[in-house]
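> For reference, this is run.pdb, and it has PDB, C-alpha atoms.
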ATOM      1  CA  SER O  25     -18.172 -15.015  55.432
ATOM      2  CA  SER O  26     -18.989 -18.490  54.139
ATOM      3  CA  GLY O  27     -16.407 -20.098  56.469
ATOM      4  CA  LYS O  28     -13.419 -18.102  55.170
ATOM      5  CA  LEU O  29     -11.103 -16.136  57.403
ATOM      6  CA  SER O  30      -9.380 -12.978  56.259
ATOM      7  CA  ILE O  31      -6.409 -11.555  58.136
ATOM      8  CA  SER O  32      -4.876  -8.175  57.556
ATOM      9  CA  GLN O  33      -1.841  -6.621  59.166
ATOM     10  CA  ASN O  34      -1.351  -2.989  60.029
ATOM     11  CA  VAL O  35       1.543  -1.617  62.040
ATOM     12  CA  GLU O  36       1.319   1.764  63.716
ATOM     13  CA  LYS O  37       4.829   3.154  63.955
ATOM     14  CA  ASN O  38       4.309   5.809  66.634
ATOM     15  CA  ASN O  39       1.889   4.059  69.011
ATOM     16  CA  PHE O  40       4.469   2.810  71.514
ATOM     17  CA  SER O  41       7.571   4.926  71.313
ATOM     18  CA  TYR O  42      10.033   4.050  74.047
ATOM     19  CA  ASN O  43      13.798   3.914  73.546
ATOM     20  CA  LEU O  44      15.960   1.387  75.376
ATOM     21  CA  ASP O  45      19.486   2.169  76.537
ATOM     22  CA  SER O  46      20.728  -1.108  75.020
ATOM     23  CA  SER O  47      19.792  -3.429  72.183
ATOM     24  CA  GLN O  48      21.645  -6.498  73.487
ATOM     25  CA  ASN O  49      20.978  -8.672  76.540
ATOM     26  CA  VAL O  50      17.541  -7.166  77.130
ATOM     27  CA  THR O  51      14.955  -9.117  79.145
ATOM     28  CA  VAL O  52      11.278  -8.131  79.178
ATOM     29  CA  LYS O  53       8.924  -9.456  81.870
ATOM     30  CA  ASN O  54       5.291  -8.898  82.829
ATOM     31  CA  ILE O  55       4.986  -7.156  86.189
ATOM     32  CA  ASN O  56       1.337  -6.644  87.118
ATOM     33  CA  ASN O  57       0.357  -5.836  83.486
ATOM     34  CA  LYS O  58       3.301  -3.497  83.069
ATOM     35  CA  LEU O  59       6.545  -4.180  81.217
ATOM     36  CA  GLY O  60       9.651  -4.806  83.290
ATOM     37  CA  VAL O  61      12.656  -4.170  81.063
ATOM     38  CA  LEU O  62      16.089  -5.298  82.230
ATOM     39  CA  THR O  63      19.117  -4.071  80.288
ATOM     40  CA  PRO O  64      22.794  -4.558  81.181
ATOM     41  CA  SER O  65      22.743  -1.288  83.153
ATOM     42  CA  THR O  66      19.132  -0.438  84.123
ATOM     43  CA  PHE O  67      15.777  -1.848  85.140
ATOM     44  CA  THR O  68      12.621   0.014  84.126
ATOM     45  CA  VAL O  69       8.909  -0.557  84.722
ATOM     46  CA  ILE O  70       6.924   0.814  81.783
ATOM     47  CA  ASP O  71       3.211   1.639  81.734
ATOM     48  CA  THR O  72       1.950  -0.321  78.716
ATOM     49  CA  LYS O  73      -0.908   2.078  77.979
ATOM     50  CA  LYS O  74       1.170   5.252  77.762
ATOM     51  CA  ALA O  75       4.710   3.944  77.084
ATOM     52  CA  VAL O  76       5.942   5.955  80.063
ATOM     53  CA  ALA O  77       8.564   4.809  82.550
ATOM     54  CA  LYS O  78       6.878   4.512  85.955
ATOM     55  CA  TYR O  79       9.991   3.408  87.842
ATOM     56  CA  THR O  80      13.631   3.044  86.828
ATOM     57  CA  PHE O  81      17.030   2.541  88.450
ATOM     58  CA  ASP O  82      20.634   1.791  87.516
ATOM     59  CA  HIS O  83      21.486  -1.598  89.006
ATOM     60  CA  GLY O  84      25.251  -1.846  88.486
ATOM     61  CA  TYR O  85      25.136  -5.672  88.383
ATOM     62  CA  SER O  86      27.656  -7.494  86.190
ATOM     63  CA  ASN O  87      25.405 -10.517  85.501
ATOM     64  CA  PRO O  88      21.806  -9.418  86.213
ATOM     65  CA  VAL O  89      19.017 -12.010  86.244
ATOM     66  CA  ILE O  90      15.365 -11.059  86.838
ATOM     67  CA  LYS O  91      12.384 -13.032  88.124
ATOM     68  CA  THR O  92       8.902 -11.556  88.510
ATOM     69  CA  SER O  93       5.591 -12.450  90.113
ATOM     70  CA  GLY O  94       2.585 -10.177  90.651
ATOM     71  CA  ILE O  95       3.852  -6.697  91.527
ATOM     72  CA  TYR O  96       7.318  -7.902  92.605
ATOM     73  CA  SER O  97      10.598  -8.265  90.757
ATOM     74  CA  LEU O  98      13.662 -10.008  92.132
ATOM     75  CA  LEU O  99      16.935  -8.881  90.594
ATOM     76  CA  VAL O 100      20.053 -10.905  91.431
ATOM     77  CA  ASP O 101      23.651 -10.484  90.365
ATOM     78  CA  GLN O 102      24.278 -14.131  89.525
ATOM     79  CA  GLY O 103      27.702 -15.253  90.726
ATOM     80  CA  SER O 104      27.903 -12.303  93.139
ATOM     81  CA  THR O 105      26.288 -11.654  96.529
ATOM     82  CA  LYS O 106      23.996  -8.748  95.583
ATOM     83  CA  MET O 107      20.223  -8.914  95.213
ATOM     84  CA  ARG O 108      17.226  -6.612  95.443
ATOM     85  CA  LEU O 109      13.447  -6.830  95.622
ATOM     86  CA  ASP O 110      11.332  -4.133  93.980
ATOM     87  CA  ASN O 111       7.651  -3.585  93.320
ATOM     88  CA  THR O 112       6.260  -1.657  90.350
ATOM     89  CA  SER O 113       6.963   1.729  91.938
ATOM     90  CA  GLU O 114       9.785   1.452  94.515
ATOM     91  CA  ASN O 115      12.602  -0.567  96.016
ATOM     92  CA  VAL O 116      11.478  -2.872  98.828
ATOM     93  CA  TYR O 117      15.028  -3.815  99.910
ATOM     94  CA  GLU O 118      18.526  -4.412  98.630
ATOM     95  CA  ASN O 119      20.792  -6.915 100.334
ATOM     96  CA  GLU O 120      24.153  -8.671 100.137
ATOM     97  CA  LEU O 121      24.148 -12.360 100.984
ATOM     98  CA  LYS O 122      26.983 -14.375 102.538
ATOM     99  CA  GLY O 123      27.490 -16.695  99.557
ATOM    100  CA  ASN O 124      27.499 -16.118  95.819
ATOM    101  CA  ILE O 125      24.021 -16.357  94.291
ATOM    102  CA  LEU O 126      23.310 -19.287  92.000
ATOM    103  CA  CYS O 127      19.619 -18.550  91.284
ATOM    104  CA  GLY O 128      16.455 -17.148  92.831
ATOM    105  CA  ASP O 129      12.701 -16.743  92.472
ATOM    106  CA  VAL O 130       9.957 -14.499  93.866
ATOM    107  CA  ALA O 131       6.349 -15.197  94.909
ATOM    108  CA  LYS O 132       3.313 -12.944  94.450
ATOM    109  CA  ASN O 133       3.394 -12.067  98.158
ATOM    110  CA  GLY O 134       7.021 -10.872  97.978
ATOM    111  CA  ASN O 135       8.675 -13.944  99.492
ATOM    112  CA  THR O 136      11.966 -14.760  97.788
ATOM    113  CA  ALA O 137      13.805 -18.077  97.497
ATOM    114  CA  LEU O 138      17.537 -17.823  96.900
ATOM    115  CA  ALA O 139      20.150 -20.506  96.287
ATOM    116  CA  THR O 140      23.707 -19.555  97.213
ATOM    117  CA  LEU O 141      27.067 -21.202  97.582
ATOM    118  CA  SER O 142      27.737 -22.193 101.178
ATOM    119  CA  GLY O 143      30.947 -22.336 103.187
ATOM    120  CA  ASP O 144      29.871 -25.312 105.315
ATOM    121  CA  LYS O 145      28.020 -27.310 102.664
ATOM    122  CA  LEU O 146      27.942 -26.943  98.884
ATOM    123  CA  CYS O 147      24.749 -24.852  98.667
ATOM    124  CA  ASN O 148      22.181 -23.109 100.811
ATOM    125  CA  VAL O 149      18.518 -22.339 100.095
ATOM    126  CA  THR O 150      16.995 -19.451 102.023
ATOM    127  CA  VAL O 151      13.489 -18.005 101.911
ATOM    128  CA  TYR O 152      12.964 -14.376 102.943
ATOM    129  CA  ASN O 153       9.719 -12.465 103.302
ATOM    130  CA  LYS O 154       9.275  -8.957 101.872
ATOM    131  CA  SER O 155      10.579  -7.502 105.154
ATOM    132  CA  LEU O 156      13.830  -9.461 104.653
ATOM    133  CA  ASP O 157      13.085 -11.732 107.598
ATOM    134  CA  LYS O 158      14.513 -15.238 107.128
ATOM    135  CA  LYS O 159      11.598 -17.703 106.966
ATOM    136  CA  MET O 160      13.556 -20.886 106.176
ATOM    137  CA  SER O 161      17.102 -22.016 105.509
ATOM    138  CA  TYR O 162      18.292 -25.371 104.175
ATOM    139  CA  ASP O 163      21.860 -26.557 103.556
ATOM    140  CA  LEU O 164      22.591 -29.006 100.759
ATOM    141  CA  ASP O 165      25.754 -31.056 100.334
ATOM    142  CA  TYR O 166      24.582 -33.285  97.473
ATOM    143  CA  GLY O 167      25.257 -31.028  94.478
ATOM    144  CA  TYR O 168      24.931 -27.553  93.033
ATOM    145  CA  ILE O 169      21.526 -25.927  92.653
ATOM    146  CA  ILE O 170      20.852 -24.904  89.061
ATOM    147  CA  ASP O 171      17.246 -23.680  89.381
ATOM    148  CA  ILE O 172      14.773 -22.810  92.112
ATOM    149  CA  ALA O 173      11.045 -22.017  92.195
ATOM    150  CA  ILE O 174       8.672 -20.698  94.845
ATOM    151  CA  ASN O 175       4.875 -21.009  94.567
ATOM    152  CA  ASN O 176       2.590 -17.961  94.302
ATOM    153  CA  SER O 177       1.730 -17.933  98.007
ATOM    154  CA  GLY O 178       5.407 -18.177  98.967
ATOM    155  CA  SER O 179       4.836 -21.283 101.098
ATOM    156  CA  LYS O 180       6.485 -24.042  99.021
ATOM    157  CA  ILE O 181       9.763 -24.262  97.132
ATOM    158  CA  ALA O 182      11.333 -26.670  94.691
ATOM    159  CA  PHE O 183      14.890 -26.769  93.411
ATOM    160  CA  VAL O 184      17.070 -28.818  91.084
ATOM    161  CA  ALA O 185      20.547 -29.873  92.178
ATOM    162  CA  LEU O 186      23.143 -31.575  89.984
ATOM    163  CA  ASN O 187      26.096 -33.601  91.041
ATOM    164  CA  SER O 188      28.765 -35.330  89.009
ATOM    165  CA  LYS O 189      31.356 -38.039  89.458
ATOM    166  CA  ASN O 190      34.168 -38.504  86.949
ATOM    167  CA  ALA O 191      32.486 -35.906  84.709
ATOM    168  CA  GLN O 192      29.243 -37.914  84.609
ATOM    169  CA  LEU O 193      26.009 -36.301  85.828
TER     170      LEU O 193
END
Output the file's structure as structure tokens, nothing else.


Amino acid sequence: SSGKLSISQNVEKNNFSYNLDSSQNVTVKNINNKLGVLTPSTFTVIDTKKAVAKYTFDHGYSNPVIKTSGIYSLLVDQGSTKMRLDNTSENVYENELKGNILCGDVAKNGNTALATLSGDKLCNVTVYNKSLDKKMSYDLDYGYIIDIAINNSGSKIAFVALNSKNAQL
């Protein structure tokens, strides 16, 4: 009233009771208005209204990195060759790539863009659809890819590559 704002704070302790299997190295992402929780050993999709796990699995990755878009989550074992694509209720596919994974991203339609080390060149960028069909592949011999992005429709990608000479970027 009269142009003044009053704020109060009230915390309900038992509204969202869900226990994680780890308190360190936890990543939380939005997956189609649900919580995607990545811990060092598991990935879980939690219904935000009921605090109930809708889908969970043990990933076994030593350096797990997650990217999400729409109903899809891309989990890669960075520095290894393992990756998997899941939706909010099941695994779409799991795959091992030829080169070690540097980074990856996922589009809302399930297309994935992955940057890996390459035997012939320094790096390779490959785009797969949700059926694991290769849609595009590009070799790069300029530098090492440090980040990659794919647009929501899965039709365009962008990546950042760094190179150095005498320890200068």

> Evaluate the PyMOL selection byres ((chain O and resi 79) around 6) and record the selected residues as a list of chain:residue names, following the chain and residue labels used in the document.

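Selection result, ordered by chain and number: O:Thr68, O:Val69, O:Ala77, O:Lys78, O:Thr80, O:Ser113.
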
> So, with only C-alpha atoms as the atoms that count, which of O:Gly94, O:Gly128, O:Gly143, O:Pro88 lies closest to Asp163 (chain O)?

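For Asp163 (chain O), the nearest of the candidates is O:Gly143.
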
> Contacts of region 115-127 of chain O at 6 Å or less, counting all atoms listed in the file, minus same-chain residues fewer than 6 places along, as a JSON list (two decimals) with C-alpha atoms, keeping the file's coordinate frame?


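Done, and the output landed in out-v1.json:
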[["chain", "number", "residue", "atom", "x", "y", "z"],
["O", 102, "GLN", "CA", 24.28, -14.13, 89.52],
["O", 103, "GLY", "CA", 27.70, -15.25, 90.73],
["O", 104, "SER", "CA", 27.90, -12.30, 93.14],
["O", 105, "THR", "CA", 26.29, -11.65, 96.53],
["O", 106, "LYS", "CA", 24.00, -8.75, 95.58],
["O", 107, "MET", "CA", 20.22, -8.91, 95.21],
["O", 108, "ARG", "CA", 17.23, -6.61, 95.44],
["O", 109, "LEU", "CA", 13.45, -6.83, 95.62],
["O", 139, "ALA", "CA", 20.15, -20.51, 96.29],
["O", 140, "THR", "CA", 23.71, -19.56, 97.21],
["O", 141, "LEU", "CA", 27.07, -21.20, 97.58],
["O", 142, "SER", "CA", 27.74, -22.19, 101.18],
["O", 171, "ASP", "CA", 17.25, -23.68, 89.38]]

> Between CA of Lys145 (chain O) and CA of Asn175 (chain O), what distance in Å does the model show, to one decimal?

25.3 Å

> Would you kindly translate the PyMOL selection byres ((chain O and resi 168) around 8) into the concrete residues it picks from this file, as a PDB file with C-alpha atoms, in the frame of the given file?


ATOM      1  CA  LEU O 146      27.942 -26.943  98.884  1.00  0.00           C
ATOM      2  CA  CYS O 147      24.749 -24.852  98.667  1.00  0.00           C
ATOM      3  CA  TYR O 166      24.582 -33.285  97.473  1.00  0.00           C
ATOM      4  CA  GLY O 167      25.257 -31.028  94.478  1.00  0.00           C
ATOM      5  CA  ILE O 169      21.526 -25.927  92.653  1.00  0.00           C
ATOM      6  CA  ILE O 170      20.852 -24.904  89.061  1.00  0.00           C
ATOM      7  CA  ALA O 185      20.547 -29.873  92.178  1.00  0.00           C
ATOM      8  CA  LEU O 186      23.143 -31.575  89.984  1.00  0.00           C
ATOM      9  CA  ASN O 187      26.096 -33.601  91.041  1.00  0.00           C
TER      10      ASN O 187
END

> What does the distance from CA of Lys132 (chain O) to CA of Val89 (chain O) come to in Å, to one decimal?

17.7 Å

> Between O:Asp110, O:Asp101, O:Asp82, O:Asp129, which residue has the minimum interatomic distance to Ile55 (chain O), considering all atoms listed in the file?

O:Asp110

> Work out how far CA of Val184 (chain O) is from CA of Asn148 (chain O), in Å to one decimal.

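Between these atoms lies a distance of 12.4 Å.
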
> Would you kindly return, as a CSV table (one decimal) with C-alpha atoms, in the frame of the given file, each protein, DNA or RNA residue with an atom no farther than 9 Å from any atom of Thr51 (chain O), considering only C-alpha atoms and excluding same-chain residues fewer than 4 positions away?


chain,number,residue,atom,x,y,z
O,60,GLY,CA,9.7,-4.8,83.3
O,61,VAL,CA,12.7,-4.2,81.1
O,62,LEU,CA,16.1,-5.3,82.2
O,63,THR,CA,19.1,-4.1,80.3
O,89,VAL,CA,19.0,-12.0,86.2
O,90,ILE,CA,15.4,-11.1,86.8

> Can you turn the PyMOL selection byres ((chain O and resi 176-180) around 9) into a concrete residue list for this file, as a list in words?

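Selected by the PyMOL selection byres ((chain O and resi 176-180) around 9) in this file: Ser93, Gly94, Val130, Ala131, Lys132, Asn133, Gly134, Asn135, Thr136, Ala137, Val151, Asn153, Ala173, Ile174, Asn175, Ile181 and Ala182 of chain O.
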
> From the options O:Val76, O:Ala191, O:Ile172, O:Leu164, which residue's atoms come nearest to Lys91 (chain O), counting only C-alpha atoms?

O:Ile172
